[in-house]
file query.txt (compact mmCIF, C-alpha atoms and all ligand atoms)
# COMPACT_ATOMS: atom_id res chain seq x y z
CA MET A 556 0.00 0.00 0.00
CA VAL A 557 1.46 3.35 -1.03
CA HIS A 558 0.35 6.26 1.10
CA ASP A 559 0.36 9.85 -0.08
CA LEU A 560 1.21 8.91 -3.65
CA THR A 561 -0.37 11.01 -6.36
CA ILE A 562 -0.33 9.99 -10.00
CA ARG A 563 -0.80 12.83 -12.48
CA ASN A 564 0.08 13.90 -15.99
CA ALA A 565 3.57 15.32 -16.30
CA ILE A 566 3.62 19.04 -16.96
CA GLU A 567 6.25 21.38 -18.34
CA GLY A 568 8.68 21.99 -15.50
CA ASP A 569 8.78 18.29 -14.54
CA GLU A 570 11.51 17.57 -17.09
CA ASP A 571 14.34 18.23 -14.61
CA ASP A 572 12.95 15.69 -12.13
CA ILE A 573 12.19 13.21 -14.91
CA TYR A 574 15.71 13.52 -16.27
CA ASN A 575 17.27 13.07 -12.82
CA ILE A 576 15.13 10.02 -12.02
CA HIS A 577 15.79 8.52 -15.46
CA THR A 578 19.56 8.87 -15.29
CA GLU A 579 19.89 7.88 -11.61
CA ALA A 580 17.73 4.78 -12.12
CA ILE A 581 19.89 3.74 -15.08
CA LYS A 582 23.09 4.28 -13.09
CA LYS A 583 21.92 2.68 -9.84
CA LYS A 584 19.45 -0.02 -10.96
CA CYS A 585 20.15 -0.99 -14.57
CA SER A 586 23.89 -1.22 -13.90
CA SER A 587 23.19 -4.57 -12.20
CA HIS A 588 22.60 -6.11 -15.65
CA TYR A 589 24.54 -3.89 -18.08
CA GLY A 590 28.18 -2.97 -18.49
CA THR A 591 29.72 0.38 -17.63
CA GLU A 592 29.88 1.44 -21.27
CA ASP A 593 26.21 0.52 -21.80
CA VAL A 594 25.25 2.63 -18.81
CA ASP A 595 27.41 5.56 -19.93
CA VAL A 596 25.96 5.58 -23.46
CA TRP A 597 22.43 5.18 -22.08
CA VAL A 598 22.82 8.09 -19.66
CA ALA A 599 24.56 10.32 -22.22
CA ARG A 600 21.63 9.81 -24.59
CA GLN A 601 19.21 11.53 -22.22
CA ASN A 602 18.55 15.25 -22.16
CA LYS A 603 15.89 17.33 -20.48
CA ALA A 604 14.43 18.84 -23.64
CA LYS A 605 13.64 15.45 -25.17
CA TYR A 606 10.80 14.87 -22.68
CA LEU A 607 8.95 18.05 -23.62
CA PRO A 608 7.12 16.78 -26.75
CA SER A 609 5.98 13.69 -24.83
CA ILE A 610 4.84 15.84 -21.91
CA ALA A 611 2.92 18.06 -24.32
CA ALA A 612 1.34 14.96 -25.88
CA ARG A 613 0.28 13.84 -22.38
CA GLU A 614 2.14 10.57 -22.75
CA ILE A 615 4.06 10.84 -19.49
CA VAL A 616 2.59 10.26 -16.05
CA VAL A 617 4.45 11.00 -12.86
CA ALA A 618 4.12 9.72 -9.31
CA GLU A 619 4.44 12.37 -6.66
CA LYS A 620 5.05 11.79 -2.97
CA LEU A 621 4.55 14.78 -0.69
CA GLY A 622 5.09 17.17 -3.59
CA LYS A 623 8.21 15.43 -4.90
CA VAL A 624 8.27 13.53 -8.19
CA VAL A 625 9.48 9.99 -7.43
CA GLY A 626 8.83 8.17 -10.70
CA PHE A 627 7.48 8.40 -14.21
CA GLY A 628 5.96 6.22 -16.88
CA HIS A 629 5.74 6.85 -20.62
CA LEU A 630 2.84 5.29 -22.50
CA LEU A 631 2.17 5.76 -26.19
CA ASP A 632 0.46 4.22 -29.18
CA CYS A 633 2.36 1.42 -30.80
CA LYS A 634 3.06 2.63 -34.34
CA GLU A 635 3.25 -0.85 -35.88
CA SER A 636 -0.03 -2.03 -34.42
CA ASP A 637 -3.69 -2.06 -35.35
CA GLY A 638 -4.47 0.66 -32.84
CA LYS A 639 -5.28 -1.86 -30.11
CA THR A 640 -1.77 -2.12 -28.75
CA MET A 641 -0.02 0.46 -26.62
CA GLN A 642 3.62 0.56 -25.68
CA ILE A 643 5.32 1.37 -22.40
CA ARG A 644 8.31 3.38 -23.55
CA GLY A 645 9.76 3.85 -20.10
CA LEU A 646 9.07 3.32 -16.42
CA PHE A 647 11.61 4.66 -13.98
CA VAL A 648 11.47 5.15 -10.22
CA ASP A 649 13.77 7.30 -8.12
CA PRO A 650 16.17 4.70 -6.70
CA ASP A 651 16.60 6.75 -3.53
CA CYS A 652 12.96 7.61 -2.85
CA GLY A 653 12.60 4.94 -0.18
CA VAL A 654 9.03 4.18 -1.20
CA LYS A 655 7.82 0.76 -2.35
CA GLY A 656 5.03 0.37 -4.85
CA VAL A 657 5.75 3.41 -7.03
CA GLY A 658 6.38 1.31 -10.14
CA SER A 659 3.20 -0.72 -9.56
CA ALA A 660 1.13 2.42 -9.04
CA LEU A 661 2.42 3.93 -12.29
CA MET A 662 1.77 0.65 -14.09
CA LYS A 663 -1.81 0.53 -12.78
CA GLU A 664 -2.45 4.04 -14.08
CA MET A 665 -0.91 3.28 -17.49
CA GLU A 666 -3.05 0.15 -17.77
CA LYS A 667 -6.13 2.17 -16.94
CA ARG A 668 -5.22 4.78 -19.56
CA ALA A 669 -4.56 2.08 -22.16
CA ARG A 670 -7.99 0.54 -21.47
CA ASP A 671 -9.57 3.98 -21.69
CA CYS A 672 -8.02 4.25 -25.17
CA SER A 673 -9.65 0.88 -26.05
CA ALA A 674 -6.30 -0.89 -26.17
CA ASN A 675 -6.36 -4.60 -25.44
CA CYS A 676 -2.64 -5.18 -25.24
CA LEU A 677 0.41 -3.58 -23.65
CA ILE A 678 3.93 -4.22 -24.84
CA VAL A 679 7.29 -3.22 -23.43
CA GLN A 680 10.94 -3.71 -24.27
CA SER A 681 12.04 -4.52 -20.76
CA ALA A 682 15.50 -3.83 -19.50
CA LEU A 683 17.06 -7.09 -18.30
CA ASN A 684 16.92 -5.89 -14.68
CA ALA A 685 13.19 -5.15 -14.85
CA VAL A 686 11.88 -8.45 -16.26
CA GLU A 687 10.84 -9.77 -12.83
CA PHE A 688 9.00 -6.55 -12.06
CA TYR A 689 7.01 -6.80 -15.32
CA ARG A 690 6.27 -10.49 -14.64
CA LYS A 691 4.83 -9.51 -11.28
CA CYS A 692 2.66 -6.99 -13.14
CA GLY A 693 1.29 -9.80 -15.33
CA PHE A 694 3.49 -9.50 -18.42
CA ILE A 695 4.72 -12.54 -20.31
CA THR A 696 8.24 -12.72 -21.66
CA LEU A 697 8.52 -13.09 -25.43
CA GLU A 698 11.88 -13.09 -27.19
CA LEU A 699 15.24 -11.54 -26.42
CA SER A 700 15.54 -8.34 -28.38
CA THR A 701 17.63 -5.22 -28.74
CA PHE A 702 16.99 -1.58 -27.99
CA GLN A 703 18.87 0.91 -30.14
CA LEU A 704 20.66 3.60 -28.15
CA SER A 705 22.64 5.08 -31.01
CA GLU A 706 23.67 4.24 -34.53
CA GLN A 707 26.19 1.72 -33.25
CA TRP A 708 25.01 0.92 -29.77
CA TYR A 709 22.33 -1.58 -28.84
CA LEU A 710 21.14 -2.85 -25.47
CA GLN A 711 19.80 -6.33 -24.89
CA CYS A 712 16.27 -6.40 -23.59
CA TYR A 713 13.23 -8.67 -23.55
CA ASN A 714 10.06 -8.06 -25.49
CA MET A 715 7.19 -8.55 -23.07
CA ILE A 716 3.43 -8.42 -23.48
CA LYS A 717 0.30 -8.20 -21.36
CA LYS A 718 -3.24 -8.74 -22.59
CA LEU A 719 -5.60 -6.27 -20.99
C1 LIG B 801 11.57 -1.60 -12.36
C2 LIG B 801 11.06 -0.47 -11.48
C3 LIG B 801 10.28 0.53 -12.33
C4 LIG B 801 10.15 -1.06 -10.41
O1 LIG B 801 9.63 -0.02 -9.62
P1 LIG B 801 9.42 -0.24 -8.06
O2 LIG B 801 8.75 0.97 -7.50
O3 LIG B 801 10.70 -0.64 -7.47
O4 LIG B 801 8.43 -1.47 -8.04
P2 LIG B 801 7.35 -1.88 -6.93
O5 LIG B 801 7.86 -1.44 -5.58
O6 LIG B 801 6.01 -1.39 -7.34
O7 LIG B 801 7.42 -3.47 -7.02
C5 LIG B 801 6.35 -4.31 -7.42
C6 LIG B 801 6.79 -5.74 -7.23
O8 LIG B 801 7.86 -6.02 -8.14
C7 LIG B 801 9.01 -6.46 -7.41
N1 LIG B 801 10.19 -5.92 -8.07
C8 LIG B 801 10.44 -4.63 -8.37
N2 LIG B 801 11.62 -4.52 -8.99
C9 LIG B 801 12.13 -5.79 -9.07
C10 LIG B 801 13.33 -6.33 -9.60
N3 LIG B 801 14.25 -5.56 -10.19
N4 LIG B 801 13.51 -7.67 -9.51
C11 LIG B 801 12.60 -8.47 -8.91
N5 LIG B 801 11.43 -8.00 -8.40
C12 LIG B 801 11.21 -6.68 -8.48
C13 LIG B 801 8.82 -5.90 -6.01
O9 LIG B 801 9.53 -6.65 -5.05
C14 LIG B 801 7.33 -6.02 -5.84
O10 LIG B 801 6.99 -7.35 -5.53
P3 LIG B 801 5.86 -7.70 -4.44
O11 LIG B 801 4.57 -7.17 -5.01
O12 LIG B 801 5.90 -9.19 -4.37
O13 LIG B 801 6.26 -7.01 -3.20
C15 LIG B 801 12.22 0.28 -10.75
O14 LIG B 801 12.96 -0.63 -9.98
C16 LIG B 801 13.18 0.99 -11.68
O15 LIG B 801 13.04 2.18 -11.93
N6 LIG B 801 14.18 0.26 -12.20
C17 LIG B 801 15.20 0.84 -13.05
C18 LIG B 801 14.65 1.32 -14.35
C19 LIG B 801 14.11 0.22 -15.21
O16 LIG B 801 14.75 -0.78 -15.44
N7 LIG B 801 12.91 0.46 -15.73
C20 LIG B 801 12.32 -0.40 -16.69
C21 LIG B 801 12.80 0.01 -18.04
S1 LIG B 801 11.96 -0.89 -19.29

call {"tool": "encode", "arguments": {"input": "query.txt", "output": "C-alpha cells"}}
result
Amino acid sequence: MVHDLTIRNAIEGDEDDIYNIHTEAIKKKCSSHYGTEDVDVWVARQNKAKYLPSIAAREIVVAEKLGKVVGFGHLLDCKESDGKTMQIRGLFVDPDCGVKGVGSALMKEMEKRARDCSANCLIVQSALNAVEFYRKCGFITLELSTFQLSEQWYLQCYNMIKKL
C-alpha cells in the first residue's frame, strides 16, 4: 500500500525531475545487468528537452510523494499495431525515494489509460533488470531483443506483453 502517492500527468517543469530520475535509475538499478559502457551511453543519450514533446502529448505520467516527483511512466500508441496495442516506452522510479510500490502504481495508471483508449494489449521492451517486475505486473516474456541507443550501440532487452 502506497500512502500519499499522487499519479498525475507530467507538466512542463517536470523535465528536470524526470531527467534526474531517469539517469539515476539507469546508473543505480540498470547497472546490475549492463556494463559500464552501456550505462554511460544510455545516460549520455538523455537530455531534459527530449521529454517536452511527450509531456505536451500527455504521454508521461508521474508519481508524486509529498510534492516530490518519485517516478514516471511513458505510455504511447504502438506505431506498428492495429491501434489496439499500446507501448510502455519507459518506467523509472527514483532509486533513492525509499518508497515501495511506485512502479506498480504507475503501471496501474498506465493500464487504466490504455484501457480507456480501447487498447487490449500492452507491450514493453524490458531492461534485463526489470523483467521480474514486469512479470509480477502480469506481463509474459517473449523473445530476447535489442533496444537501439545510437547508430552503433544496442542494449539487450526482452520483449514482453500483457493482454488487458
Ligand atoms: C523496475 C522499477 C520501475 C520497479 O519499480 P518499483 O517501485 O521498485 O516497483 P514496486 O515497488 O512497485 O514493485 C512491485 C513488485 O515487483 C518487485 N520488483 C520490483 N523490482 C524488481 C526487480 N528488479 N527484480 C525483482 N522483483 C522486483 C517488487 O519486489 C514487488 O513485488 P511484491 O509485489 O511481491 O512485493 C524500478 O525498480 C526501476 O526504476 N528500475 C530501473 C529502471 C528500469 O529498469 N525500468 C524499466 C525500463 S523498461

call {"tool": "residues_near_ligand", "arguments": {"input": "query.txt", "ligand": "ligand LIG 801 (chain B)", "cutoff": "6 Å", "atoms": "all atoms listed in the file", "output": "PyMOL selection string"}}
result
chain A and resi 580-581+584-585+645-648+655-659+680-682+684-685+687-688+691

call {"tool": "closest_residue", "arguments": {"input": "query.txt", "among": "A:Pro650, A:Gly638, A:Pro608, A:Gly622", "to": "Glu579 of chain A", "atoms": "all atoms listed in the file"}}
result
A:Pro650

call {"tool": "atom_distance", "arguments": {"input": "query.txt", "atom1": "atom CA of Gly628 of chain A", "atom2": "atom CA of Thr640 of chain A"}}
result
16.4 Å

call {"tool": "closest_atom_pairs", "arguments": {"input": "query.txt", "of": "segment 588-617 of chain A", "to": "segment 708-713 of chain A", "cutoff": "12 Å", "atoms": "all atoms listed in the file", "output": "tab-separated table"}}
result
residue	atom	partner	partner_atom	distance
A:His588	CA	A:Gln711	CA	9.7
A:Tyr589	CA	A:Leu710	CA	8.2
A:Gly590	CA	A:Leu710	CA	9.9
A:Glu592	CA	A:Trp708	CA	9.8
A:Asp593	CA	A:Leu710	CA	7.1
A:Val594	CA	A:Leu710	CA	9.6
A:Asp595	CA	A:Trp708	CA	11.1
A:Val596	CA	A:Trp708	CA	7.9
A:Trp597	CA	A:Leu710	CA	8.8
A:Arg600	CA	A:Trp708	CA	10.8

call {"tool": "residues_around", "arguments": {"input": "query.txt", "residues": "Val679 of chain A", "least_positions_apart": "6", "cutoff": "9 Å", "atoms": "only C-alpha atoms", "output": "PyMOL selection string"}}
result
chain A and resi 641-645+689+694+713-717

call {"tool": "closest_residue", "arguments": {"input": "query.txt", "among": "A:Ile678, A:Ala565, A:Leu704, A:Cys692", "to": "Ala660 of chain A", "atoms": "only C-alpha atoms"}}
result
A:Cys692

call {"tool": "atom_distance", "arguments": {"input": "query.txt", "atom1": "atom CA of Glu635 of chain A", "atom2": "atom CA of Asp569 of chain A"}}
result
29.2 Å

call {"tool": "closest_residue", "arguments": {"input": "query.txt", "among": "A:Ala612, A:Gly626, A:Lys605, A:Asn675", "to": "Met662 of chain A", "atoms": "only C-alpha atoms"}}
result
A:Gly626

call {"tool": "closest_atom_pairs", "arguments": {"input": "query.txt", "of": "segment 569-623 of chain A", "to": "segment 629-634 of chain A", "cutoff": "7 Å", "atoms": "only C-alpha atoms", "output": "tab-separated table"}}
result
residue	atom	partner	partner_atom	distance
A:Glu614	CA	A:Leu630	CA	5.3
A:Ile615	CA	A:His629	CA	4.5
A:Val616	CA	A:His629	CA	6.5

call {"tool": "atom_distance", "arguments": {"input": "query.txt", "atom1": "atom CA of Glu666 of chain A", "atom2": "atom CA of Leu697 of chain A"}}
result
19.2 Å

call {"tool": "residues_around", "arguments": {"input": "query.txt", "residues": "Thr578 of chain A", "least_positions_apart": "3", "cutoff": "9 Å", "atoms": "all atoms listed in the file", "output": "list in words"}}
result
Ile573, Tyr574, Asn575, Ile581, Lys582, Lys583, Trp597, Val598, Ala599 and Gln601 of chain A

call {"tool": "closest_residue", "arguments": {"input": "query.txt", "among": "A:Phe702, A:Asp651, A:Lys718, A:Val624", "to": "Ala669 of chain A", "atoms": "all atoms listed in the file"}}
result
A:Lys718

call {"tool": "closest_residue", "arguments": {"input": "query.txt", "among": "A:Glu619, A:Asp649, A:Asp671, A:Asp637", "to": "Arg563 of chain A", "atoms": "all atoms listed in the file"}}
result
A:Glu619

call {"tool": "closest_residue", "arguments": {"input": "query.txt", "among": "A:Ser700, A:Glu664, A:Ala618, A:Cys672", "to": "Leu560 of chain A", "atoms": "all atoms listed in the file"}}
result
A:Ala618

call {"tool": "build_atoms", "arguments": {"input": "query.txt", "residues": "segment 589-605 of chain A", "atoms": "N, CA and C atoms", "output": "tab-separated table (two decimals), in the frame of the given file"}}
result
chain	number	residue	atom	x	y	z
A	589	TYR	N	23.88	-4.44	-16.88
A	589	TYR	CA	24.54	-3.89	-18.08
A	589	TYR	C	25.95	-3.43	-17.71
A	590	GLY	N	26.79	-3.38	-18.71
A	590	GLY	CA	28.18	-2.97	-18.49
A	590	GLY	C	28.30	-1.46	-18.34
A	591	THR	N	29.47	-1.04	-17.87
A	591	THR	CA	29.72	0.38	-17.63
A	591	THR	C	29.52	1.21	-18.90
A	592	GLU	N	29.99	0.67	-20.03
A	592	GLU	CA	29.88	1.44	-21.27
A	592	GLU	C	28.42	1.56	-21.70
A	593	ASP	N	27.66	0.46	-21.51
A	593	ASP	CA	26.21	0.52	-21.80
A	593	ASP	C	25.56	1.64	-21.00
A	594	VAL	N	25.86	1.65	-19.71
A	594	VAL	CA	25.25	2.63	-18.81
A	594	VAL	C	25.66	4.05	-19.22
A	595	ASP	N	26.93	4.22	-19.55
A	595	ASP	CA	27.41	5.56	-19.93
A	595	ASP	C	26.72	6.05	-21.20
A	596	VAL	N	26.60	5.17	-22.19
A	596	VAL	CA	25.96	5.58	-23.46
A	596	VAL	C	24.48	5.87	-23.21
A	597	TRP	N	23.86	5.04	-22.40
A	597	TRP	CA	22.43	5.18	-22.08
A	597	TRP	C	22.16	6.52	-21.39
A	598	VAL	N	23.01	6.83	-20.41
A	598	VAL	CA	22.82	8.09	-19.66
A	598	VAL	C	23.10	9.29	-20.57
A	599	ALA	N	24.17	9.18	-21.38
A	599	ALA	CA	24.56	10.32	-22.22
A	599	ALA	C	23.48	10.64	-23.26
A	600	ARG	N	22.67	9.64	-23.57
A	600	ARG	CA	21.63	9.81	-24.59
A	600	ARG	C	20.46	10.67	-24.09
A	601	GLN	N	20.36	10.81	-22.77
A	601	GLN	CA	19.21	11.53	-22.22
A	601	GLN	C	19.49	13.04	-22.20
A	602	ASN	N	18.45	13.81	-22.41
A	602	ASN	CA	18.55	15.25	-22.16
A	602	ASN	C	17.17	15.78	-21.82
A	603	LYS	N	17.15	16.85	-21.05
A	603	LYS	CA	15.89	17.33	-20.48
A	603	LYS	C	14.87	17.71	-21.55
A	604	ALA	N	15.36	18.33	-22.62
A	604	ALA	CA	14.43	18.84	-23.64
A	604	ALA	C	13.68	17.72	-24.36
A	605	LYS	N	14.27	16.52	-24.37
A	605	LYS	CA	13.64	15.45	-25.17
A	605	LYS	C	12.30	15.00	-24.58
